[in-house]
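A quick write-up on the structure given underneath.
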Amino acid sequence: MSGDLGAEVVVRAAAATLAKYQHVNLVLVGDETELSALAGNIVGADARLSIRHASEVVAMSEPPAEALRKKKDSSMRVAINLVKDGSADACVSAGNTGALMATAKFVLKMLPGIDRPAIIAELPALGGSLHMLDLGANTQATPEQLFQYAVMGSIVAADINGIEAPRVSLLNIGAEDTKGHDTVKEAAALLSASALNYVGFIEGTDLMSGKTDVVVTDGFTGNVALKTMEGTVGLCKHHLRTAFSRNWFTKLQAFLAAPVLRALASNMDSRNYNGATLAGLNGIVIKSHGSADAYAFQHAIDTAIVEVRNQLPQQIGSLLKKEAA
């Protein structure tokens, strides 16, 4: 109910999901009157779609602690409760990130061996994509927590991209072993001694190079890196539009280059990577971008379905037990 573009986006994404998958059931959580009207117009009669009423909505600007304490019948809280009691296998939300994280952590609790949850998302890279975490759940991290992030990131990347042994890197100011502060050096030692496919430090300039499948860092650095990438893509789009609209000759060049530009836009379309996993929870929760349209939100649902089928929390718990043994 609290995404930037309203409930219609979610209902249209639900319709696309039901058409794509024959054995998936969806529960829309929120204002029953509004959702029933939208579902009737967009989806029609489908026994695989149901509605669970919630009387409250968490605003995008609402402090997480306030939402957790005062909005016990919010659509977000009710949806996560459905995961907790086994009525649903996963929750997908485009709502307030802080409130979603706080509520999910309070209701679902953490997996044994995980100190804190982390936000992990898929990003474009040469030859495919990479998964990066933490993207903002925790501004600081200990070496042990970075190791936990690496375990979670390795499993998510393996599940989503079908990679048997994802390459794991630590984000650092240099690729040399002598570079960086003590936290990343100690985390590197833990990873080197593990069964993970750790390939060393990686610099910001190589994030999209295709040299790694998983990039691990603290939430402060990860969020800054993510926002920098998004801003750079926006800057490139602006300069391309400006260059091709300068005069009639450049407009002709744009017309001739249209197929290449469309392919480039498709490859860089952030909607194809929408759906960040709140990893480390004892349950599956996916955070969609607040401004996601129906296409992007449906991709977030796809991510949830993959993680349910692969039993992501159980995989993380099993690998942590092996590493601790």
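Each chain in the structure tokens gets a letter, A, B, ..., in the order shown, and its residues are numbered from 1; ligands are numbered from 1 in order too.
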Excluding same-chain residues fewer than 4 positions from Thr221 (chain A), what lies within 8 Å of it counting only C-alpha atoms, as a compact mmCIF listing (two decimals) with all heavy atoms, in the first residue's frame?
```txt
# COMPACT_ATOMS: atom_id res chain seq x y z
N LEU A 135 23.81 -3.12 1.47
CA LEU A 135 23.49 -1.89 0.76
C LEU A 135 22.78 -0.87 1.64
O LEU A 135 22.13 0.04 1.13
CB LEU A 135 22.64 -2.20 -0.48
CG LEU A 135 23.35 -3.04 -1.54
CD1 LEU A 135 22.43 -3.32 -2.71
CD2 LEU A 135 24.63 -2.35 -2.02
N THR A 139 25.38 0.41 8.97
CA THR A 139 26.44 1.32 8.51
C THR A 139 27.83 0.80 8.83
O THR A 139 28.79 1.15 8.15
CB THR A 139 26.27 2.71 9.14
OG1 THR A 139 26.25 2.61 10.57
CG2 THR A 139 24.97 3.37 8.66
N THR A 217 30.67 -5.62 1.56
CA THR A 217 31.13 -4.41 2.22
C THR A 217 30.15 -4.04 3.32
O THR A 217 29.11 -4.68 3.47
CB THR A 217 31.29 -3.25 1.21
OG1 THR A 217 31.88 -2.13 1.87
CG2 THR A 217 29.95 -2.84 0.63
N ALA A 225 28.21 3.42 -2.75
CA ALA A 225 28.61 2.86 -4.05
C ALA A 225 27.40 2.67 -4.96
O ALA A 225 27.44 3.01 -6.15
CB ALA A 225 29.35 1.54 -3.85
```
Name the residues of region 4-51 of chain A that fall into alpha helix (DSSP H) according to DSSP on the backbone, using the chain letters and numbers of this document, as a PyMOL selection string. chain A and resi 7-20+32-42
Each residue of region 20-136 of chain A with at least one atom at most 12 Å from region 144-152 of chain A should appear once, together with its nearest atom pair and the corresponding distance in Å (one decimal); atoms considered: only C-alpha atoms; ordering: chain, then increasing residue number; output as JSON lines.
```
{"residue": "A:Leu111", "atom": "CA", "partner": "A:Gln148", "partner_atom": "CA", "distance": 10.9}
{"residue": "A:Pro112", "atom": "CA", "partner": "A:Gln148", "partner_atom": "CA", "distance": 11.1}
{"residue": "A:Gly113", "atom": "CA", "partner": "A:Gln148", "partner_atom": "CA", "distance": 8.1}
{"residue": "A:Ile114", "atom": "CA", "partner": "A:Gln148", "partner_atom": "CA", "distance": 6.5}
{"residue": "A:Asp115", "atom": "CA", "partner": "A:Gln145", "partner_atom": "CA", "distance": 6.8}
{"residue": "A:Arg116", "atom": "CA", "partner": "A:Gln145", "partner_atom": "CA", "distance": 7.5}
{"residue": "A:Pro117", "atom": "CA", "partner": "A:Tyr149", "partner_atom": "CA", "distance": 8.5}
{"residue": "A:Ala118", "atom": "CA", "partner": "A:Tyr149", "partner_atom": "CA", "distance": 6.9}
{"residue": "A:Ile119", "atom": "CA", "partner": "A:Tyr149", "partner_atom": "CA", "distance": 9.3}
{"residue": "A:Ile120", "atom": "CA", "partner": "A:Met152", "partner_atom": "CA", "distance": 8.8}
{"residue": "A:Ala121", "atom": "CA", "partner": "A:Met152", "partner_atom": "CA", "distance": 11.6}
{"residue": "A:His131", "atom": "CA", "partner": "A:Ala150", "partner_atom": "CA", "distance": 10.3}
{"residue": "A:Met132", "atom": "CA", "partner": "A:Tyr149", "partner_atom": "CA", "distance": 9.4}
{"residue": "A:Leu133", "atom": "CA", "partner": "A:Tyr149", "partner_atom": "CA", "distance": 6.8}
{"residue": "A:Asp134", "atom": "CA", "partner": "A:Tyr149", "partner_atom": "CA", "distance": 7.2}
{"residue": "A:Leu135", "atom": "CA", "partner": "A:Tyr149", "partner_atom": "CA", "distance": 10.9}
```
Generate a file of the selected residues that holds C-alpha atoms, formatted as a PDB file, in the first residue's frame.
```
ATOM      1  CA  LEU A 111      18.953 -17.127  11.574  1.00  0.00           C
ATOM      2  CA  PRO A 112      21.288 -18.840  14.062  1.00  0.00           C
ATOM      3  CA  GLY A 113      24.824 -17.633  13.440  1.00  0.00           C
ATOM      4  CA  ILE A 114      23.772 -14.338  11.829  1.00  0.00           C
ATOM      5  CA  ASP A 115      24.251 -11.177  13.887  1.00  0.00           C
ATOM      6  CA  ARG A 116      22.463  -8.708  11.615  1.00  0.00           C
ATOM      7  CA  PRO A 117      20.444  -8.823   8.394  1.00  0.00           C
ATOM      8  CA  ALA A 118      21.919  -7.344   5.225  1.00  0.00           C
ATOM      9  CA  ILE A 119      20.393  -5.890   2.076  1.00  0.00           C
ATOM     10  CA  ILE A 120      21.629  -7.639  -1.057  1.00  0.00           C
ATOM     11  CA  ALA A 121      20.706  -6.732  -4.626  1.00  0.00           C
ATOM     12  CA  HIS A 131      25.295  -9.345  -6.142  1.00  0.00           C
ATOM     13  CA  MET A 132      26.373  -6.727  -3.629  1.00  0.00           C
ATOM     14  CA  LEU A 133      25.794  -6.428   0.124  1.00  0.00           C
ATOM     15  CA  ASP A 134      25.300  -4.744   2.506  1.00  0.00           C
ATOM     16  CA  LEU A 135      23.490  -1.893   0.759  1.00  0.00           C
TER      17      LEU A 135
END
```
Find the residues of region 124-239 of chain A that sit at most 10 Å from region 300-316 of chain A; for each, write down the nearest two atoms and how far apart they are in Å, to one decimal. Count only C-alpha atoms. Sort by chain, then by number going up, and give it as JSON lines.
```
{"residue": "A:Gln148", "atom": "CA", "partner": "A:Ile316", "partner_atom": "CA", "distance": 9.2}
{"residue": "A:Val151", "atom": "CA", "partner": "A:Ile316", "partner_atom": "CA", "distance": 6.9}
{"residue": "A:Met152", "atom": "CA", "partner": "A:Ile316", "partner_atom": "CA", "distance": 5.9}
{"residue": "A:Gly153", "atom": "CA", "partner": "A:Ile316", "partner_atom": "CA", "distance": 9.3}
{"residue": "A:Ser154", "atom": "CA", "partner": "A:Ile316", "partner_atom": "CA", "distance": 9.1}
{"residue": "A:Ile155", "atom": "CA", "partner": "A:Ile316", "partner_atom": "CA", "distance": 6.7}
{"residue": "A:Val156", "atom": "CA", "partner": "A:Leu312", "partner_atom": "CA", "distance": 7.3}
{"residue": "A:Ala158", "atom": "CA", "partner": "A:Asn310", "partner_atom": "CA", "distance": 9.9}
{"residue": "A:Asp159", "atom": "CA", "partner": "A:Asn310", "partner_atom": "CA", "distance": 6.7}
{"residue": "A:Ile160", "atom": "CA", "partner": "A:Val306", "partner_atom": "CA", "distance": 6.7}
```
If you run DSSP on the backbone here, which positions in region 79-317 of chain A get strand (DSSP E or B)? Please write them as an mmCIF file with C-alpha atoms, in the first residue's frame.
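Output below, filename part.cif:
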```
data_model
loop_
_atom_site.group_PDB
_atom_site.id
_atom_site.type_symbol
_atom_site.label_atom_id
_atom_site.label_comp_id
_atom_site.auth_asym_id
_atom_site.auth_seq_id
_atom_site.Cartn_x
_atom_site.Cartn_y
_atom_site.Cartn_z
ATOM 1 C CA ALA A 90 7.680 -14.899 1.264
ATOM 2 C CA CYS A 91 6.811 -11.218 1.563
ATOM 3 C CA VAL A 92 7.467 -8.640 -1.181
ATOM 4 C CA SER A 93 7.088 -4.950 -0.351
ATOM 5 C CA MET A 110 17.558 -13.816 12.772
ATOM 6 C CA ALA A 118 21.919 -7.344 5.225
ATOM 7 C CA ILE A 119 20.393 -5.890 2.076
ATOM 8 C CA ILE A 120 21.629 -7.639 -1.057
ATOM 9 C CA ALA A 121 20.706 -6.732 -4.626
ATOM 10 C CA GLU A 122 21.617 -7.839 -8.128
ATOM 11 C CA LEU A 123 23.422 -5.256 -10.273
ATOM 12 C CA PRO A 124 24.496 -5.278 -13.945
ATOM 13 C CA ALA A 125 28.074 -6.231 -14.783
ATOM 14 C CA GLY A 128 26.053 -10.863 -16.619
ATOM 15 C CA SER A 129 25.481 -9.469 -13.151
ATOM 16 C CA LEU A 130 26.831 -9.336 -9.613
ATOM 17 C CA HIS A 131 25.295 -9.345 -6.142
ATOM 18 C CA MET A 132 26.373 -6.727 -3.629
ATOM 19 C CA LEU A 133 25.794 -6.428 0.124
ATOM 20 C CA ARG A 167 33.398 -15.655 -6.788
ATOM 21 C CA VAL A 168 33.371 -13.529 -3.625
ATOM 22 C CA SER A 169 35.284 -10.253 -3.214
ATOM 23 C CA LEU A 170 35.709 -7.670 -0.480
ATOM 24 C CA LEU A 171 35.332 -4.038 -1.557
ATOM 25 C CA ASN A 197 35.329 -19.120 -3.473
ATOM 26 C CA TYR A 198 37.053 -15.994 -2.166
ATOM 27 C CA VAL A 199 39.039 -14.198 -4.893
ATOM 28 C CA GLY A 200 40.410 -11.243 -2.921
ATOM 29 C CA PHE A 201 39.898 -7.494 -2.704
ATOM 30 C CA ILE A 202 38.211 -5.514 -5.448
ATOM 31 C CA VAL A 214 29.561 -11.196 -5.012
ATOM 32 C CA VAL A 215 30.862 -7.945 -3.531
ATOM 33 C CA VAL A 216 30.896 -7.653 0.264
ATOM 34 C CA ALA A 276 16.656 -6.685 -2.881
ATOM 35 C CA THR A 277 16.833 -9.584 -0.443
ATOM 36 C CA LEU A 278 16.795 -8.907 3.302
ATOM 37 C CA ALA A 279 19.265 -11.712 3.945
ATOM 38 C CA LEU A 281 16.259 -13.408 8.456
ATOM 39 C CA ILE A 284 12.136 -14.568 3.002
ATOM 40 C CA VAL A 285 11.486 -10.835 2.602
ATOM 41 C CA ILE A 286 12.138 -8.962 -0.649
ATOM 42 C CA LYS A 287 12.373 -5.175 -0.843
#
```
Quick one: residues within 8 Å of Val107 (chain A), only C-alpha atoms counted, chain neighbours fewer than 3 positions away excluded, as a list of chain:residue names?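 Neighbouring residues, sequence-local ones excluded: A:Ile80, A:Asn81, A:Lys84, A:Thr103, A:Ala104.
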Output for the residues just chosen: all heavy atoms as a PDB file, in the first residue's frame:
```pdb
ATOM      1  N   ILE A  80       4.192  -9.647   6.791  1.00  0.00           N
ATOM      2  CA  ILE A  80       5.308 -10.363   7.418  1.00  0.00           C
ATOM      3  C   ILE A  80       4.791 -11.394   8.417  1.00  0.00           C
ATOM      4  O   ILE A  80       5.366 -12.480   8.552  1.00  0.00           O
ATOM      5  CB  ILE A  80       6.275  -9.363   8.081  1.00  0.00           C
ATOM      6  CG1 ILE A  80       6.948  -8.508   6.994  1.00  0.00           C
ATOM      7  CG2 ILE A  80       7.336 -10.082   8.909  1.00  0.00           C
ATOM      8  CD1 ILE A  80       7.789  -7.377   7.523  1.00  0.00           C
ATOM      9  N   ASN A  81       3.690 -11.082   9.095  1.00  0.00           N
ATOM     10  CA  ASN A  81       3.077 -12.056  10.004  1.00  0.00           C
ATOM     11  C   ASN A  81       2.640 -13.308   9.248  1.00  0.00           C
ATOM     12  O   ASN A  81       2.692 -14.423   9.787  1.00  0.00           O
ATOM     13  CB  ASN A  81       1.873 -11.440  10.718  1.00  0.00           C
ATOM     14  CG  ASN A  81       2.271 -10.503  11.848  1.00  0.00           C
ATOM     15  OD1 ASN A  81       3.397 -10.569  12.357  1.00  0.00           O
ATOM     16  ND2 ASN A  81       1.359  -9.636  12.252  1.00  0.00           N
ATOM     17  N   LYS A  84       5.569 -15.423   9.013  1.00  0.00           N
ATOM     18  CA  LYS A  84       5.881 -15.969  10.335  1.00  0.00           C
ATOM     19  C   LYS A  84       5.020 -17.178  10.655  1.00  0.00           C
ATOM     20  O   LYS A  84       5.530 -18.210  11.154  1.00  0.00           O
ATOM     21  CB  LYS A  84       5.667 -14.879  11.395  1.00  0.00           C
ATOM     22  CG  LYS A  84       5.800 -15.358  12.841  1.00  0.00           C
ATOM     23  CD  LYS A  84       7.207 -15.782  13.171  1.00  0.00           C
ATOM     24  CE  LYS A  84       7.322 -16.136  14.651  1.00  0.00           C
ATOM     25  NZ  LYS A  84       8.695 -16.604  15.001  1.00  0.00           N
ATOM     26  N   THR A 103      10.646  -4.338  11.110  1.00  0.00           N
ATOM     27  CA  THR A 103       9.502  -5.216  11.345  1.00  0.00           C
ATOM     28  C   THR A 103       9.857  -6.665  11.058  1.00  0.00           C
ATOM     29  O   THR A 103       9.511  -7.575  11.829  1.00  0.00           O
ATOM     30  CB  THR A 103       8.305  -4.783  10.475  1.00  0.00           C
ATOM     31  OG1 THR A 103       7.989  -3.416  10.752  1.00  0.00           O
ATOM     32  CG2 THR A 103       7.086  -5.641  10.769  1.00  0.00           C
ATOM     33  N   ALA A 104      10.547  -6.899   9.948  1.00  0.00           N
ATOM     34  CA  ALA A 104      10.929  -8.263   9.587  1.00  0.00           C
ATOM     35  C   ALA A 104      11.872  -8.865  10.633  1.00  0.00           C
ATOM     36  O   ALA A 104      11.727 -10.035  11.014  1.00  0.00           O
ATOM     37  CB  ALA A 104      11.579  -8.278   8.215  1.00  0.00           C
TER      38      ALA A 104
END
```
Hey, which bits of region 134-245 of chain A sit within 12 Å of region 257-269 of chain A, and for each residue what's the closest pair of atoms and how far apart in Å (one decimal), counting only C-alpha atoms, rows by chain and increasing number, as a Markdown table?
```
| residue | atom | partner | partner_atom | distance |
| --- | --- | --- | --- | --- |
| A:Met208 | CA | A:Met268 | CA | 11.7 |
| A:Met229 | CA | A:Met268 | CA | 11.1 |
| A:Glu230 | CA | A:Met268 | CA | 10.2 |
| A:Thr232 | CA | A:Met268 | CA | 11.5 |
| A:Val233 | CA | A:Met268 | CA | 8.1 |
| A:Gly234 | CA | A:Met268 | CA | 10.6 |
| A:Cys236 | CA | A:Ala265 | CA | 11.0 |
| A:Lys237 | CA | A:Ala265 | CA | 9.0 |
| A:Leu240 | CA | A:Leu261 | CA | 9.5 |
| A:Arg241 | CA | A:Leu261 | CA | 10.7 |
| A:Phe244 | CA | A:Ala257 | CA | 9.9 |
```
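When only C-alpha atoms are used to compute distances to Pro166 (chain A), the closest of the residues A:Ser55, A:Asn274, A:Thr212, A:Thr97 turns out to be A:Thr212.
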Can you tell me which residues surround region 59-66 of chain A at a distance of at most 12 Å, considering only C-alpha atoms, apart from same-chain residues fewer than 3 positions away, and format the answer as a ChimeraX atom specification? /A:1-6,56,69-72,74-77,93-106,289-291
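Interatomic distance, CA of Gln140 (chain A) against CA of Gly280 (chain A): 16.1 Å.
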Nearest residue to Val43 (chain A) from the set A:Thr17, A:Ser318, A:Gln22, A:Thr178 (distances using only C-alpha atoms): A:Thr17
CA of Leu196 (chain A) and CA of Ala157 (chain A) are how many Å apart? 12.4 Å
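Interatomic distance, CA of Glu186 (chain A) against CA of Pro143 (chain A): 5.7 Å.
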